[in-house]
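> Have a look at this one.
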Amino acid sequence: VAIISIHGPIDGITKHSLERRLEAATAQGADAVVLEIDTPGGDLQATFEILELIRTKAPANTIAWIRPRAFSAGTIIALATREIVTTPTGVFGDAAPIRAVPLAGLQKLPAAERAKIEAPLLSELVSDARRQGWDEKLVQAFVAVDIELWLIRNRTNGDRLFVDAAEYERIFGEPPVATRVQRLPAPPARDEETGLLTGPARINQGEAPTNPEDRDLAIEFVQEMPSSRPVLGPEAAADWVSLGQVVSSDELLVLQADEAIAYGFSSGTIANEAELKTFLGSNQTIRLDETWSESLVRMLTLWPVRAVLIAAFLIGFFLEASAPGYGVFGLIALVSLAILLGAPLLTGLSDWWTVVAVVIGLGLVALELFFLPGIGFVGILGGLCIFAGLVGTFVSGDPFSPAVRSDLLRGIGTTSIGMLVAGVGIWLAWRSLPHTKLGRGFILSAEIGGDGASEGPPGRSRRSDRHPPISLGAIGRTTTPLRTAGRVEIG
């Protein structure tokens, strides 16, 4: 058995690392794969790609071990596996899509946009539920905030079924009572009569995204596997009894370890690797974790780090243009830019056009500074190209699709923050650097025509007959271009 850890936020690096480790598990002859999940969630596009990996490159005997929590993207990934187990304190759920903007935090999605993002996500969940045997109504409650479900039980064989309001009314001939059974985040407390968990309400997650009937039709339209849910009518009323509401319309489903077992999602609780080995009946387990280089790249692609790199690149570029020839500031700008473009590109978080856009932008800015000073338009166009290229490093895929729009906003916010910091840094450098010891080594402070003009560099003789003083009003001619420095002959 190969244990593959998925820890921390889900992103493009997670996807590439998981693909590498799945190939390594296959190469080492693993008969089964355990995805050890501990994550708060992450990028939706990367999640879809990981689902495809599980279906195409992971062995059929792939299970999820929630150790100890798997929210949002972690829940979606776990539901794609053949089987789920948790630690005794494990918890998973709350997989609604959200938008996070740097400094602004989590943003509420408009109803229409939420519906566009939820539609493919719900289709994926229903597809996995039908393949793996999860309750397809209940899995939707992990994602959609307008799902209301009641639990009914067969009096004869004990089978249980989660039904919505329409199904409930069709079976029992009357609308269900919204008892608003709440479970989390309070410690689990079971009702003695129904066996359901009760507790205070959770936070309202937002507007109802779409019409439930239309959503059911849309989900069914894209499914390849037919539903195995029984279709019950009034004739079944005598055989089934209602156990009460399990999901209300203002909450997202979150399950503790014992709830996951009761609702049929979890096969049991496993506290450590020794118990896991016994549970699977394995002779040997191997652990495949992320490499240090993958962890380093993840750190370098965090938005605060990228904002700092953007600022360092712009400040270094400006100072190098102001004091050309030394190379120190240019090297800082070059290294920062290489990390900014290279880290996302190598991990599939961006495309090659971002590099092209930034290179073109730098060329236009250089053209403005050194060959067409004063034009303005060329420099502005170059700045826009640089901005677009840097924002593009946050986006992989169609930037106008709802699933990627959150990444686009994060890129715009991070790049704007980096440019703002760079502007402040350039202003401070412009004001203070010439007055520092370091600055005096880079910037000439003598004024032509002033007292300092009569003195040459330290260690050299002063004016000689060969180099007489230059008087105000003297005429000279250029012998080289003066962009941004050059040579003139006077006298």
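Following the order of the structure tokens, chains are lettered A, B, ..., residues in each are numbered from 1, and ligands are numbered from 1.
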Excluding Arg153 in chain A and any residue of its chain fewer than 4 positions from it, enumerate the residues within 7 Å of it, using only C-alpha atoms, and give them as a count of residues only.
7
> Quick one, how far is CA of Pro97 in chain A from CA of Arg405 in chain A?
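For CA of Pro97 in chain A relative to CA of Arg405 in chain A, the distance reads 11.7 Å.
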> I need the residues of range 265-413 of chain A that end up classed as strand (DSSP E or B) by DSSP on the backbone, written out as a list in words.
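Answer for range 265-413 of chain A, restricted to strand (DSSP E or B): Ser266, Ser267, Gly268, Thr269, Ile286, Arg287 and Leu288 of chain A.
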> If I take CA of Ser295 in chain A and CA of Leu121 in chain A, how far is one from the other in Å, to one decimal?
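If I compute the distance from CA of Ser295 in chain A to CA of Leu121 in chain A, I get 27.7 Å.
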> Write out, as a Markdown table, each residue of range 293-324 of chain A that has an atom at most 8 Å from range 7-19 of chain A, together with the closest pair of atoms and their distance in Å to one decimal, counting only C-alpha atoms, rows going by chain and rising number.

| residue | atom | partner | partner_atom | distance |
| --- | --- | --- | --- | --- |
| A:Glu294 | CA | A:Ile13 | CA | 6.9 |
| A:Val297 | CA | A:Ile13 | CA | 7.8 |
| A:Arg298 | CA | A:Ile13 | CA | 6.6 |
> Write out, as a PDB file, in the first residue's frame, the residues just selected, with N, CA and C atoms.

ATOM      1  N   GLU A 294       9.134  20.763  -4.287  1.00  0.00           N
ATOM      2  CA  GLU A 294       7.711  21.057  -4.481  1.00  0.00           C
ATOM      3  C   GLU A 294       7.194  21.978  -3.386  1.00  0.00           C
ATOM      4  N   VAL A 297       8.529  25.482  -4.177  1.00  0.00           N
ATOM      5  CA  VAL A 297       7.770  26.136  -5.245  1.00  0.00           C
ATOM      6  C   VAL A 297       6.413  26.598  -4.728  1.00  0.00           C
ATOM      7  N   ARG A 298       5.779  25.797  -3.874  1.00  0.00           N
ATOM      8  CA  ARG A 298       4.496  26.223  -3.302  1.00  0.00           C
ATOM      9  C   ARG A 298       4.671  27.512  -2.505  1.00  0.00           C
TER      10      ARG A 298
END
